[in-house]
Each structure stands twice: as structure tokens, then as C-alpha cells.
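Down below is the structure, laid out as C-alpha cells.
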Amino acid sequence: MDFFELSFFRNALAGAFLAAVACGIVGTYVVVRRLVFICGGITHASLGGVGIALYLGWPPLWPALAFSVLSALGIRRLAAGGGEEREDSLIAVFWTFGMAVGVLFAFLTPGYGADLTVYLFGNILSITAPDLWLLGAVTGVLLLGCGLFLRPVAAMAFDADFMRTRGFPVRAAEYVMMVLIAVTVVAVLRIVGIVLALALLTIPQMTANLFTSSLRRMMVLSVVLALGVCLAGLAASYFLNIPSGASIIVCACLLYGAARVVRAGVSARGIRRRG
């Protein structure tokens, strides 16, 4: 148990807890609103900011945040404009543009490989104090938002048209939620990376949705499941000496598969009893 005395391991545990809370809250909205593809576009577009930052010698986190937020707002604005372009096509443009810019600038940066790998695939053991401050700030904002606006946001997630008839500013709220998604994506980059962040924002929430349809209970269960898979992946990474980001996502996928089996078994027993 001596590894608990290591500062980087304590940072990893704190990061896992904060990421579980942030992803549990935002990911629930993403799954309920069926914004998974948009979330994937925002996630991969952030690579553009990382590549530019590496080329200029800047800390990658803030340029990645700028790229993600601008991509999120751009997708939402163009999709709401009612033009001829389909939303999925617009997402593909931002997705591929961000990744192309990131790879291009990273290629032009001498010795970029090690740093870029951290942001592509994540390494929770490399999380630093500034990363924790950012993740903690994002988590605090999300918890405050839940305390103040959970009920109207939940209603908007399930029926946006109804909320429009009630005078709720749905369009403004959607822009705010897109920004929160982008900020959360960037905040967890150190833990699971650009390629795998989408899974942490969707798989625990999909697992929770198998057992409840309540948005509040789904958020709480998603936080618990996300924390569980983060800790399990961290333990596997530490003891087996394997990449932490991939370990976390593999644990999440295994949990989802087991939950599907349990759900199928419960449904089958219910059918037999009714028969």
C-alpha cells in the first residue's frame, strides 16, 4: 500500500473522483439528448488546439479548450441556422479539420511524440496540480448548475419543444450545455485522452440507463460507475504496467457488457413469471 504515499498516485485518485463527477453529470445529458456524435466531434476537434500549442511551445490545455468551445459553438450555430447542411455532416467537418490541424502542427514540432501520446490516449498517472484545479473548477460549476437548474434542463433534455412552449430559453440553454460539454472534454484529456474521452462520457451513462430512466438517478449512478471504472482501470494500469486510459475504457466496456447480461437475465425471469 506504499503507493498511496506517492504524490502522483494521490493526484490520480483525486482526478478519477473529479472526472467521475464531471463526466457523470455531463455525459447523462449527452446520452439522453443523443448528442454522442456531437460530443465525439468536439473531442477530436480539440486535437487542433493541442497540436498548435505543442508547435508554439505553450501548455496544450488552454488552446485545446479554445478549439473545443469554438467547435461546439460552431456546430450548434450552423445546425440551428436551418441551412442545407445536415448536422452530422457539419460535425464531420469540425471533427476532421481539428484532427488534421493537430496532426499537421504536431508533425512540424520536433520531438512531439511523447507529449501528443498523452493527450491522444491519456495517462491518469501524469495528471498535475493545474489539471486538478481545472477539473475541480469544472466539477464545481457543474454541481452548482445541477443544484440550480437540474429540473428545467432535465425537462429540456426529454422534450425541448414543450419547454419552448413554456417560455424556457431552450436555444440559449443548448449553447451553454455545448460549452459545458466542450470544457468537460478538455478537462478529462489527461485521464483518458482525446481518443477515449468519448467513452467515459457515454459508457457509464448507458450502463446506468439500463436500470433507470430518471435523469437524477441516472446522473448519480453514472458518477458511481464512472468512479468505479476509473479506479479499476487505474489499479490495472499500476499493477499490470499497461496504459491507464485504455485500461479505464476496457473496464467501462466490460461493465456495460456485464450490465447487459444482468438486465437480460432479469427481463427473462420477469417474462417467465408473467407467463
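Labels for the C-alpha cells follow display order: chains A, B, ..., residues from 1 in each chain, ligands from 1.
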
- Message: Would you pick out the contacts of Ile248 of chain A at 7 Å or less, using only C-alpha atoms, so that residues sharing its chain but fewer than 3 positions from it are not included, and give the list as a PyMOL selection string?
- Response: chain A and resi 229-230+232-234+244-245+251-252

Run DSSP on the backbone of this structure and report the residues of segment 26-252 of chain A it assigns to alpha helix (DSSP H), as a compact mmCIF listing (two decimals) with N, CA and C atoms, in the first residue's frame.
```
# COMPACT_ATOMS: atom_id res chain seq x y z
N VAL A 26 -22.37 15.55 -17.09
CA VAL A 26 -22.46 15.99 -18.49
C VAL A 26 -22.82 14.82 -19.41
N GLY A 27 -22.23 13.67 -19.15
CA GLY A 27 -22.49 12.51 -20.01
C GLY A 27 -23.94 12.07 -19.99
N THR A 28 -24.60 12.24 -18.85
CA THR A 28 -26.02 11.89 -18.78
C THR A 28 -26.83 12.74 -19.74
N TYR A 29 -26.54 14.03 -19.77
CA TYR A 29 -27.23 14.91 -20.72
C TYR A 29 -26.91 14.52 -22.16
N VAL A 30 -25.65 14.18 -22.42
CA VAL A 30 -25.23 13.79 -23.77
C VAL A 30 -26.00 12.55 -24.24
N VAL A 31 -26.13 11.56 -23.37
CA VAL A 31 -26.80 10.31 -23.75
C VAL A 31 -28.30 10.53 -23.91
N VAL A 32 -28.91 11.25 -22.98
CA VAL A 32 -30.36 11.47 -23.04
C VAL A 32 -30.74 12.30 -24.26
N VAL A 36 -24.16 12.10 -28.73
CA VAL A 36 -22.90 11.36 -28.67
C VAL A 36 -22.00 11.71 -29.85
N PHE A 37 -22.58 11.81 -31.05
CA PHE A 37 -21.77 12.11 -32.23
C PHE A 37 -21.21 13.52 -32.15
N ILE A 38 -22.02 14.47 -31.65
CA ILE A 38 -21.54 15.83 -31.46
C ILE A 38 -20.41 15.85 -30.45
N CYS A 39 -20.57 15.09 -29.37
CA CYS A 39 -19.53 15.01 -28.35
C CYS A 39 -18.24 14.44 -28.94
N GLY A 40 -18.38 13.45 -29.82
CA GLY A 40 -17.20 12.91 -30.48
C GLY A 40 -16.51 13.92 -31.37
N GLY A 41 -17.30 14.74 -32.07
CA GLY A 41 -16.72 15.78 -32.90
C GLY A 41 -15.96 16.81 -32.09
N ILE A 42 -16.55 17.23 -30.96
CA ILE A 42 -15.89 18.20 -30.10
C ILE A 42 -14.60 17.62 -29.53
N THR A 43 -14.66 16.37 -29.12
CA THR A 43 -13.50 15.71 -28.52
C THR A 43 -12.33 15.67 -29.50
N HIS A 44 -12.58 15.21 -30.70
CA HIS A 44 -11.50 15.07 -31.67
C HIS A 44 -11.05 16.41 -32.25
N ALA A 45 -11.95 17.39 -32.28
CA ALA A 45 -11.55 18.72 -32.76
C ALA A 45 -10.54 19.36 -31.83
N SER A 46 -10.55 18.99 -30.54
CA SER A 46 -9.61 19.59 -29.58
C SER A 46 -8.16 19.26 -29.91
N LEU A 47 -7.93 18.23 -30.73
CA LEU A 47 -6.56 17.90 -31.13
C LEU A 47 -5.91 19.05 -31.88
N GLY A 48 -6.72 19.86 -32.57
CA GLY A 48 -6.17 21.02 -33.27
C GLY A 48 -5.49 21.98 -32.31
N GLY A 49 -6.15 22.26 -31.17
CA GLY A 49 -5.55 23.13 -30.18
C GLY A 49 -4.30 22.54 -29.55
N VAL A 50 -4.31 21.22 -29.33
CA VAL A 50 -3.13 20.56 -28.76
C VAL A 50 -1.94 20.67 -29.70
N GLY A 51 -2.17 20.40 -30.99
CA GLY A 51 -1.08 20.46 -31.97
C GLY A 51 -0.50 21.85 -32.09
N ILE A 52 -1.36 22.87 -32.14
CA ILE A 52 -0.88 24.25 -32.24
C ILE A 52 -0.08 24.63 -31.00
N ALA A 53 -0.56 24.22 -29.83
CA ALA A 53 0.14 24.55 -28.59
C ALA A 53 1.52 23.89 -28.54
N LEU A 54 1.60 22.64 -28.96
CA LEU A 54 2.90 21.97 -28.98
C LEU A 54 3.86 22.66 -29.93
N TYR A 55 3.35 23.11 -31.06
CA TYR A 55 4.19 23.78 -32.05
C TYR A 55 4.71 25.11 -31.51
N LEU A 56 3.87 25.83 -30.78
CA LEU A 56 4.25 27.14 -30.25
C LEU A 56 4.95 27.06 -28.90
N LEU A 61 -3.40 22.64 -22.72
CA LEU A 61 -4.76 22.56 -22.21
C LEU A 61 -5.64 23.73 -22.67
N TRP A 62 -5.13 24.95 -22.58
CA TRP A 62 -5.97 26.11 -22.90
C TRP A 62 -6.25 26.24 -24.39
N PRO A 63 -5.26 26.05 -25.29
CA PRO A 63 -5.61 26.05 -26.72
C PRO A 63 -6.60 24.94 -27.07
N ALA A 64 -6.46 23.77 -26.44
CA ALA A 64 -7.42 22.69 -26.69
C ALA A 64 -8.81 23.11 -26.24
N LEU A 65 -8.89 23.82 -25.12
CA LEU A 65 -10.17 24.30 -24.63
C LEU A 65 -10.79 25.29 -25.62
N ALA A 66 -9.97 26.21 -26.13
CA ALA A 66 -10.48 27.18 -27.10
C ALA A 66 -10.99 26.48 -28.36
N PHE A 67 -10.22 25.52 -28.87
CA PHE A 67 -10.63 24.79 -30.07
C PHE A 67 -11.94 24.04 -29.82
N SER A 68 -12.07 23.40 -28.66
CA SER A 68 -13.27 22.62 -28.36
C SER A 68 -14.50 23.52 -28.23
N VAL A 69 -14.36 24.62 -27.51
CA VAL A 69 -15.50 25.52 -27.31
C VAL A 69 -15.94 26.13 -28.63
N LEU A 70 -14.98 26.59 -29.44
CA LEU A 70 -15.33 27.18 -30.73
C LEU A 70 -15.98 26.14 -31.65
N SER A 71 -15.49 24.92 -31.62
CA SER A 71 -16.10 23.86 -32.42
C SER A 71 -17.52 23.57 -31.97
N ALA A 72 -17.72 23.51 -30.65
CA ALA A 72 -19.05 23.24 -30.12
C ALA A 72 -20.03 24.34 -30.51
N LEU A 73 -19.61 25.59 -30.35
CA LEU A 73 -20.48 26.71 -30.72
C LEU A 73 -20.72 26.76 -32.23
N GLY A 74 -19.68 26.44 -33.00
CA GLY A 74 -19.83 26.43 -34.45
C GLY A 74 -20.81 25.38 -34.92
N ILE A 75 -20.71 24.19 -34.36
CA ILE A 75 -21.64 23.11 -34.73
C ILE A 75 -23.07 23.50 -34.38
N ARG A 76 -23.26 24.03 -33.16
CA ARG A 76 -24.60 24.39 -32.71
C ARG A 76 -25.18 25.53 -33.54
N ARG A 77 -24.34 26.52 -33.86
CA ARG A 77 -24.82 27.69 -34.61
C ARG A 77 -25.19 27.32 -36.03
N LEU A 78 -24.34 26.56 -36.71
CA LEU A 78 -24.61 26.21 -38.10
C LEU A 78 -25.79 25.25 -38.19
N ALA A 79 -25.89 24.33 -37.22
CA ALA A 79 -27.00 23.39 -37.24
C ALA A 79 -28.33 24.09 -36.98
N ALA A 80 -28.30 25.13 -36.13
CA ALA A 80 -29.54 25.85 -35.82
C ALA A 80 -29.91 26.86 -36.89
N GLU A 87 -26.65 18.12 -39.81
CA GLU A 87 -25.85 18.28 -38.60
C GLU A 87 -24.69 17.30 -38.55
N ASP A 88 -24.93 16.05 -38.96
CA ASP A 88 -23.85 15.06 -38.91
C ASP A 88 -22.73 15.42 -39.89
N SER A 89 -23.08 16.05 -41.00
CA SER A 89 -22.06 16.47 -41.96
C SER A 89 -21.23 17.62 -41.39
N LEU A 90 -21.88 18.55 -40.69
CA LEU A 90 -21.15 19.66 -40.06
C LEU A 90 -20.20 19.12 -38.99
N ILE A 91 -20.66 18.14 -38.23
CA ILE A 91 -19.81 17.55 -37.20
C ILE A 91 -18.57 16.93 -37.83
N ALA A 92 -18.76 16.25 -38.96
CA ALA A 92 -17.63 15.63 -39.64
C ALA A 92 -16.60 16.67 -40.08
N VAL A 93 -17.07 17.84 -40.51
CA VAL A 93 -16.15 18.90 -40.93
C VAL A 93 -15.29 19.36 -39.76
N PHE A 94 -15.92 19.69 -38.64
CA PHE A 94 -15.16 20.14 -37.47
C PHE A 94 -14.26 19.03 -36.94
N TRP A 95 -14.77 17.81 -36.92
CA TRP A 95 -14.02 16.65 -36.44
C TRP A 95 -12.72 16.49 -37.24
N THR A 96 -12.86 16.39 -38.56
CA THR A 96 -11.69 16.13 -39.40
C THR A 96 -10.76 17.34 -39.47
N PHE A 97 -11.32 18.56 -39.47
CA PHE A 97 -10.48 19.75 -39.52
C PHE A 97 -9.60 19.85 -38.28
N GLY A 98 -10.20 19.65 -37.11
CA GLY A 98 -9.44 19.73 -35.87
C GLY A 98 -8.33 18.70 -35.81
N MET A 99 -8.64 17.47 -36.19
CA MET A 99 -7.61 16.42 -36.16
C MET A 99 -6.52 16.69 -37.18
N ALA A 100 -6.90 17.17 -38.37
CA ALA A 100 -5.91 17.45 -39.40
C ALA A 100 -4.96 18.57 -38.96
N VAL A 101 -5.52 19.64 -38.38
CA VAL A 101 -4.69 20.74 -37.89
C VAL A 101 -3.75 20.25 -36.79
N GLY A 102 -4.28 19.45 -35.88
CA GLY A 102 -3.46 18.95 -34.78
C GLY A 102 -2.32 18.08 -35.26
N VAL A 103 -2.61 17.16 -36.16
CA VAL A 103 -1.57 16.26 -36.68
C VAL A 103 -0.54 17.05 -37.47
N LEU A 104 -1.00 18.03 -38.25
CA LEU A 104 -0.08 18.83 -39.08
C LEU A 104 0.91 19.61 -38.21
N PHE A 105 0.40 20.31 -37.21
CA PHE A 105 1.29 21.10 -36.36
C PHE A 105 2.15 20.22 -35.46
N ALA A 106 1.59 19.10 -35.02
CA ALA A 106 2.39 18.18 -34.21
C ALA A 106 3.52 17.58 -35.03
N PHE A 107 3.26 17.31 -36.30
CA PHE A 107 4.30 16.76 -37.17
C PHE A 107 5.42 17.78 -37.36
N GLY A 113 6.29 13.47 -30.15
CA GLY A 113 5.59 12.21 -29.98
C GLY A 113 5.12 11.90 -28.58
N ALA A 114 6.00 12.05 -27.58
CA ALA A 114 5.63 11.66 -26.22
C ALA A 114 4.48 12.51 -25.68
N ASP A 115 4.58 13.84 -25.84
CA ASP A 115 3.52 14.71 -25.33
C ASP A 115 2.20 14.47 -26.04
N LEU A 116 2.23 14.30 -27.33
CA LEU A 116 1.00 14.09 -28.07
C LEU A 116 0.33 12.79 -27.67
N THR A 117 1.11 11.77 -27.37
CA THR A 117 0.55 10.50 -26.95
C THR A 117 -0.26 10.64 -25.68
N VAL A 118 0.21 11.46 -24.75
CA VAL A 118 -0.51 11.67 -23.50
C VAL A 118 -1.90 12.23 -23.77
N TYR A 119 -2.00 13.17 -24.70
CA TYR A 119 -3.29 13.80 -24.97
C TYR A 119 -4.15 12.96 -25.92
N LEU A 120 -3.56 12.08 -26.66
CA LEU A 120 -4.35 11.20 -27.53
C LEU A 120 -4.97 10.06 -26.73
N PHE A 121 -4.19 9.44 -25.86
CA PHE A 121 -4.63 8.22 -25.19
C PHE A 121 -4.71 8.35 -23.68
N ALA A 129 -1.12 19.25 -10.70
CA ALA A 129 -1.95 20.13 -9.87
C ALA A 129 -2.79 21.10 -10.72
N PRO A 130 -2.23 21.75 -11.76
CA PRO A 130 -3.09 22.61 -12.60
C PRO A 130 -4.24 21.85 -13.26
N ASP A 131 -3.97 20.59 -13.66
CA ASP A 131 -5.05 19.78 -14.23
C ASP A 131 -6.16 19.57 -13.21
N LEU A 132 -5.76 19.31 -11.96
CA LEU A 132 -6.74 19.09 -10.90
C LEU A 132 -7.54 20.35 -10.60
N TRP A 133 -6.86 21.50 -10.63
CA TRP A 133 -7.56 22.76 -10.40
C TRP A 133 -8.60 23.00 -11.49
N LEU A 134 -8.24 22.76 -12.74
CA LEU A 134 -9.19 22.93 -13.84
C LEU A 134 -10.36 21.96 -13.69
N LEU A 135 -10.04 20.69 -13.45
CA LEU A 135 -11.08 19.68 -13.31
C LEU A 135 -11.97 19.97 -12.11
N GLY A 136 -11.36 20.43 -11.02
CA GLY A 136 -12.15 20.78 -9.84
C GLY A 136 -13.07 21.96 -10.10
N ALA A 137 -12.58 22.96 -10.82
CA ALA A 137 -13.41 24.12 -11.15
C ALA A 137 -14.59 23.71 -12.03
N VAL A 138 -14.31 22.88 -13.03
CA VAL A 138 -15.39 22.41 -13.92
C VAL A 138 -16.41 21.62 -13.12
N THR A 139 -15.94 20.73 -12.26
CA THR A 139 -16.85 19.92 -11.45
C THR A 139 -17.69 20.79 -10.53
N GLY A 140 -17.08 21.81 -9.93
CA GLY A 140 -17.82 22.71 -9.06
C GLY A 140 -18.92 23.46 -9.80
N VAL A 141 -18.61 23.94 -11.00
CA VAL A 141 -19.61 24.64 -11.81
C VAL A 141 -20.76 23.70 -12.17
N LEU A 142 -20.43 22.47 -12.51
CA LEU A 142 -21.47 21.50 -12.88
C LEU A 142 -22.36 21.16 -11.69
N LEU A 143 -21.77 21.00 -10.52
CA LEU A 143 -22.57 20.70 -9.32
C LEU A 143 -23.47 21.88 -8.97
N LEU A 144 -22.94 23.09 -9.09
CA LEU A 144 -23.75 24.28 -8.83
C LEU A 144 -24.90 24.39 -9.84
N GLY A 145 -24.58 24.11 -11.12
CA GLY A 145 -25.63 24.14 -12.14
C GLY A 145 -26.71 23.11 -11.89
N CYS A 146 -26.30 21.92 -11.43
CA CYS A 146 -27.29 20.88 -11.11
C CYS A 146 -28.20 21.33 -9.98
N GLY A 147 -27.60 21.95 -8.97
CA GLY A 147 -28.40 22.40 -7.85
C GLY A 147 -29.42 23.47 -8.22
N LEU A 148 -29.08 24.30 -9.20
CA LEU A 148 -29.95 25.43 -9.57
C LEU A 148 -30.89 25.12 -10.73
N PHE A 149 -30.42 24.33 -11.70
CA PHE A 149 -31.18 24.21 -12.96
C PHE A 149 -31.45 22.77 -13.39
N LEU A 150 -31.33 21.81 -12.49
CA LEU A 150 -31.49 20.42 -12.91
C LEU A 150 -32.89 20.15 -13.47
N ARG A 151 -33.90 20.65 -12.82
CA ARG A 151 -35.28 20.34 -13.25
C ARG A 151 -35.58 20.88 -14.65
N PRO A 152 -35.32 22.16 -14.96
CA PRO A 152 -35.61 22.62 -16.33
C PRO A 152 -34.70 21.98 -17.37
N VAL A 153 -33.44 21.73 -17.04
CA VAL A 153 -32.55 21.08 -18.00
C VAL A 153 -33.00 19.65 -18.27
N ALA A 154 -33.46 18.96 -17.22
CA ALA A 154 -33.97 17.60 -17.40
C ALA A 154 -35.20 17.61 -18.30
N ALA A 155 -36.09 18.56 -18.09
CA ALA A 155 -37.28 18.65 -18.94
C ALA A 155 -36.89 18.98 -20.37
N MET A 156 -35.89 19.85 -20.56
CA MET A 156 -35.44 20.19 -21.90
C MET A 156 -34.80 18.98 -22.58
N ALA A 157 -34.07 18.17 -21.81
CA ALA A 157 -33.40 17.01 -22.38
C ALA A 157 -34.40 16.01 -22.93
N PHE A 158 -35.55 15.87 -22.27
CA PHE A 158 -36.54 14.89 -22.70
C PHE A 158 -37.55 15.47 -23.71
N ALA A 160 -37.65 19.20 -25.60
CA ALA A 160 -37.27 20.60 -25.79
C ALA A 160 -38.43 21.43 -26.32
N ASP A 161 -39.27 20.86 -27.19
CA ASP A 161 -40.39 21.61 -27.75
C ASP A 161 -41.38 22.04 -26.67
N PHE A 162 -41.62 21.16 -25.72
CA PHE A 162 -42.53 21.50 -24.62
C PHE A 162 -41.98 22.67 -23.81
N MET A 163 -40.67 22.65 -23.55
CA MET A 163 -40.07 23.73 -22.78
C MET A 163 -40.12 25.05 -23.53
N ARG A 164 -40.06 25.01 -24.87
CA ARG A 164 -40.20 26.24 -25.65
C ARG A 164 -41.59 26.84 -25.45
N THR A 165 -42.60 25.99 -25.42
CA THR A 165 -43.96 26.48 -25.22
C THR A 165 -44.15 27.09 -23.83
N VAL A 170 -34.64 27.74 -24.57
CA VAL A 170 -34.04 26.47 -24.95
C VAL A 170 -32.76 26.69 -25.75
N ARG A 171 -32.79 27.62 -26.72
CA ARG A 171 -31.61 27.83 -27.57
C ARG A 171 -30.41 28.29 -26.74
N ALA A 172 -30.63 29.25 -25.85
CA ALA A 172 -29.53 29.72 -25.01
C ALA A 172 -29.02 28.60 -24.11
N ALA A 173 -29.94 27.81 -23.56
CA ALA A 173 -29.54 26.70 -22.69
C ALA A 173 -28.74 25.66 -23.46
N GLU A 174 -29.11 25.43 -24.72
CA GLU A 174 -28.37 24.46 -25.53
C GLU A 174 -26.95 24.94 -25.79
N TYR A 175 -26.78 26.24 -26.02
CA TYR A 175 -25.43 26.79 -26.20
C TYR A 175 -24.60 26.61 -24.93
N VAL A 176 -25.21 26.88 -23.79
CA VAL A 176 -24.50 26.72 -22.52
C VAL A 176 -24.09 25.27 -22.32
N MET A 177 -24.99 24.34 -22.62
CA MET A 177 -24.68 22.93 -22.44
C MET A 177 -23.58 22.48 -23.40
N MET A 178 -23.57 23.01 -24.61
CA MET A 178 -22.50 22.67 -25.55
C MET A 178 -21.14 23.13 -25.04
N VAL A 179 -21.12 24.33 -24.45
CA VAL A 179 -19.86 24.84 -23.87
C VAL A 179 -19.43 23.96 -22.71
N LEU A 180 -20.36 23.56 -21.86
CA LEU A 180 -20.02 22.70 -20.73
C LEU A 180 -19.51 21.34 -21.19
N ILE A 181 -20.07 20.81 -22.27
CA ILE A 181 -19.58 19.56 -22.83
C ILE A 181 -18.13 19.73 -23.29
N ALA A 182 -17.87 20.83 -24.02
CA ALA A 182 -16.51 21.08 -24.52
C ALA A 182 -15.51 21.23 -23.39
N VAL A 183 -15.89 21.97 -22.35
CA VAL A 183 -14.99 22.19 -21.23
C VAL A 183 -14.72 20.88 -20.49
N THR A 184 -15.74 20.07 -20.31
CA THR A 184 -15.56 18.78 -19.63
C THR A 184 -14.66 17.86 -20.43
N VAL A 185 -14.84 17.84 -21.74
CA VAL A 185 -13.99 17.02 -22.60
C VAL A 185 -12.52 17.35 -22.41
N VAL A 186 -12.21 18.64 -22.43
CA VAL A 186 -10.82 19.06 -22.29
C VAL A 186 -10.30 18.77 -20.88
N ALA A 187 -11.16 18.91 -19.88
CA ALA A 187 -10.74 18.69 -18.51
C ALA A 187 -10.33 17.25 -18.24
N LEU A 189 -8.91 15.23 -20.54
CA LEU A 189 -7.96 14.76 -21.54
C LEU A 189 -6.77 14.05 -20.92
N ARG A 190 -6.27 14.55 -19.79
CA ARG A 190 -5.12 13.92 -19.15
C ARG A 190 -5.43 12.51 -18.67
N ILE A 191 -6.70 12.24 -18.38
CA ILE A 191 -7.06 10.96 -17.79
C ILE A 191 -7.26 9.89 -18.85
N VAL A 192 -8.09 10.16 -19.85
CA VAL A 192 -8.35 9.14 -20.86
C VAL A 192 -7.96 9.57 -22.26
N GLY A 193 -7.61 10.84 -22.47
CA GLY A 193 -7.14 11.26 -23.77
C GLY A 193 -8.26 11.60 -24.74
N ILE A 194 -7.86 12.22 -25.85
CA ILE A 194 -8.80 12.67 -26.86
C ILE A 194 -9.56 11.49 -27.47
N VAL A 195 -8.84 10.43 -27.80
CA VAL A 195 -9.45 9.30 -28.49
C VAL A 195 -10.46 8.59 -27.60
N LEU A 196 -10.22 8.56 -26.28
CA LEU A 196 -11.04 7.74 -25.40
C LEU A 196 -11.99 8.54 -24.51
N ALA A 197 -11.92 9.89 -24.54
CA ALA A 197 -12.78 10.70 -23.68
C ALA A 197 -14.25 10.46 -23.95
N LEU A 198 -14.59 10.22 -25.21
CA LEU A 198 -15.99 9.99 -25.58
C LEU A 198 -16.58 8.82 -24.81
N ALA A 199 -15.78 7.78 -24.60
CA ALA A 199 -16.29 6.59 -23.93
C ALA A 199 -16.63 6.88 -22.47
N LEU A 200 -15.79 7.65 -21.78
CA LEU A 200 -16.06 7.97 -20.38
C LEU A 200 -17.28 8.85 -20.23
N ILE A 203 -20.31 5.57 -21.84
CA ILE A 203 -20.49 4.17 -21.43
C ILE A 203 -21.05 4.04 -20.02
N PRO A 204 -20.52 4.74 -19.00
CA PRO A 204 -21.16 4.64 -17.68
C PRO A 204 -22.61 5.10 -17.69
N GLN A 205 -22.90 6.12 -18.49
CA GLN A 205 -24.26 6.63 -18.56
C GLN A 205 -25.20 5.64 -19.26
N MET A 206 -24.71 5.00 -20.31
CA MET A 206 -25.51 3.96 -20.97
C MET A 206 -25.76 2.79 -20.03
N THR A 207 -24.77 2.46 -19.23
CA THR A 207 -24.93 1.39 -18.24
C THR A 207 -25.98 1.77 -17.21
N ALA A 208 -25.92 2.99 -16.72
CA ALA A 208 -26.90 3.45 -15.74
C ALA A 208 -28.30 3.48 -16.34
N ASN A 209 -28.41 3.84 -17.61
CA ASN A 209 -29.70 3.94 -18.26
C ASN A 209 -30.38 2.58 -18.43
N LEU A 215 -33.55 11.03 -14.78
CA LEU A 215 -32.32 11.76 -15.06
C LEU A 215 -31.48 11.94 -13.79
N ARG A 216 -32.12 12.24 -12.68
CA ARG A 216 -31.39 12.44 -11.44
C ARG A 216 -30.70 11.15 -11.00
N ARG A 217 -31.46 10.04 -10.97
CA ARG A 217 -30.86 8.76 -10.56
C ARG A 217 -29.81 8.31 -11.56
N MET A 218 -30.02 8.59 -12.83
CA MET A 218 -29.06 8.23 -13.85
C MET A 218 -27.74 8.97 -13.65
N MET A 219 -27.81 10.25 -13.28
CA MET A 219 -26.60 11.01 -13.00
C MET A 219 -25.83 10.42 -11.82
N VAL A 220 -26.55 10.15 -10.74
CA VAL A 220 -25.89 9.63 -9.54
C VAL A 220 -25.25 8.27 -9.83
N LEU A 221 -25.99 7.39 -10.49
CA LEU A 221 -25.45 6.08 -10.80
C LEU A 221 -24.29 6.18 -11.79
N SER A 222 -24.37 7.11 -12.72
CA SER A 222 -23.28 7.31 -13.68
C SER A 222 -22.00 7.75 -12.98
N VAL A 223 -22.13 8.63 -11.99
CA VAL A 223 -20.95 9.07 -11.23
C VAL A 223 -20.32 7.89 -10.51
N VAL A 224 -21.14 7.07 -9.88
CA VAL A 224 -20.62 5.90 -9.15
C VAL A 224 -19.93 4.92 -10.11
N LEU A 225 -20.56 4.65 -11.24
CA LEU A 225 -19.97 3.72 -12.20
C LEU A 225 -18.70 4.29 -12.82
N ALA A 226 -18.72 5.58 -13.17
CA ALA A 226 -17.52 6.19 -13.74
C ALA A 226 -16.35 6.15 -12.76
N LEU A 227 -16.64 6.43 -11.48
CA LEU A 227 -15.58 6.35 -10.48
C LEU A 227 -15.07 4.91 -10.35
N GLY A 228 -15.99 3.95 -10.39
CA GLY A 228 -15.58 2.56 -10.28
C GLY A 228 -14.66 2.12 -11.41
N VAL A 229 -15.01 2.50 -12.64
CA VAL A 229 -14.18 2.07 -13.77
C VAL A 229 -12.85 2.83 -13.78
N CYS A 230 -12.86 4.09 -13.33
CA CYS A 230 -11.60 4.84 -13.24
C CYS A 230 -10.65 4.18 -12.24
N LEU A 231 -11.17 3.81 -11.08
CA LEU A 231 -10.33 3.17 -10.07
C LEU A 231 -9.87 1.79 -10.52
N ALA A 232 -10.78 1.04 -11.16
CA ALA A 232 -10.39 -0.29 -11.65
C ALA A 232 -9.33 -0.18 -12.74
N GLY A 233 -9.52 0.77 -13.67
CA GLY A 233 -8.52 0.97 -14.72
C GLY A 233 -7.20 1.45 -14.17
N LEU A 234 -7.25 2.32 -13.15
CA LEU A 234 -6.02 2.81 -12.52
C LEU A 234 -5.28 1.67 -11.84
N ALA A 235 -6.01 0.81 -11.14
CA ALA A 235 -5.37 -0.33 -10.49
C ALA A 235 -4.75 -1.27 -11.51
N ALA A 236 -5.48 -1.53 -12.59
CA ALA A 236 -4.94 -2.42 -13.63
C ALA A 236 -3.70 -1.81 -14.27
N SER A 237 -3.73 -0.50 -14.48
CA SER A 237 -2.57 0.17 -15.07
C SER A 237 -1.36 0.08 -14.15
N TYR A 238 -1.58 0.26 -12.86
CA TYR A 238 -0.47 0.29 -11.91
C TYR A 238 0.15 -1.11 -11.75
N PHE A 239 -0.70 -2.12 -11.57
CA PHE A 239 -0.19 -3.45 -11.26
C PHE A 239 0.24 -4.23 -12.50
N LEU A 240 -0.37 -3.94 -13.65
CA LEU A 240 -0.04 -4.67 -14.86
C LEU A 240 0.88 -3.88 -15.79
N SER A 244 -3.09 3.62 -18.80
CA SER A 244 -4.21 3.85 -17.90
C SER A 244 -5.49 4.22 -18.64
N GLY A 245 -5.40 5.08 -19.68
CA GLY A 245 -6.59 5.48 -20.39
C GLY A 245 -7.31 4.31 -21.02
N ALA A 246 -6.56 3.47 -21.73
CA ALA A 246 -7.16 2.29 -22.35
C ALA A 246 -7.70 1.33 -21.30
N SER A 247 -7.01 1.21 -20.17
CA SER A 247 -7.48 0.32 -19.10
C SER A 247 -8.83 0.77 -18.56
N ILE A 248 -8.99 2.07 -18.37
CA ILE A 248 -10.25 2.61 -17.87
C ILE A 248 -11.40 2.30 -18.82
N ILE A 249 -11.17 2.50 -20.11
CA ILE A 249 -12.24 2.27 -21.08
C ILE A 249 -12.57 0.79 -21.23
N VAL A 250 -11.55 -0.08 -21.17
CA VAL A 250 -11.82 -1.51 -21.22
C VAL A 250 -12.67 -1.94 -20.03
N CYS A 251 -12.36 -1.39 -18.84
CA CYS A 251 -13.17 -1.71 -17.67
C CYS A 251 -14.60 -1.21 -17.85
N ALA A 252 -14.76 -0.03 -18.44
CA ALA A 252 -16.10 0.51 -18.68
C ALA A 252 -16.89 -0.38 -19.64
```

- Gly24 of chain A proximity check over A:Phe211, A:Leu255, A:Thr202, A:Asn123, using only C-alpha atoms: winner is A:Thr202

- In Å, how far is it from atom CA of Asn241 of chain A to atom CA of Pro110 of chain A? 27.6 Å

- By how many Å are atom CA of Phe17 of chain A and atom CA of Ser126 of chain A apart? 15.3 Å

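In this model, the gap between atom CA of Val261 of chain A and atom CA of Leu210 of chain A comes to 10.7 Å.
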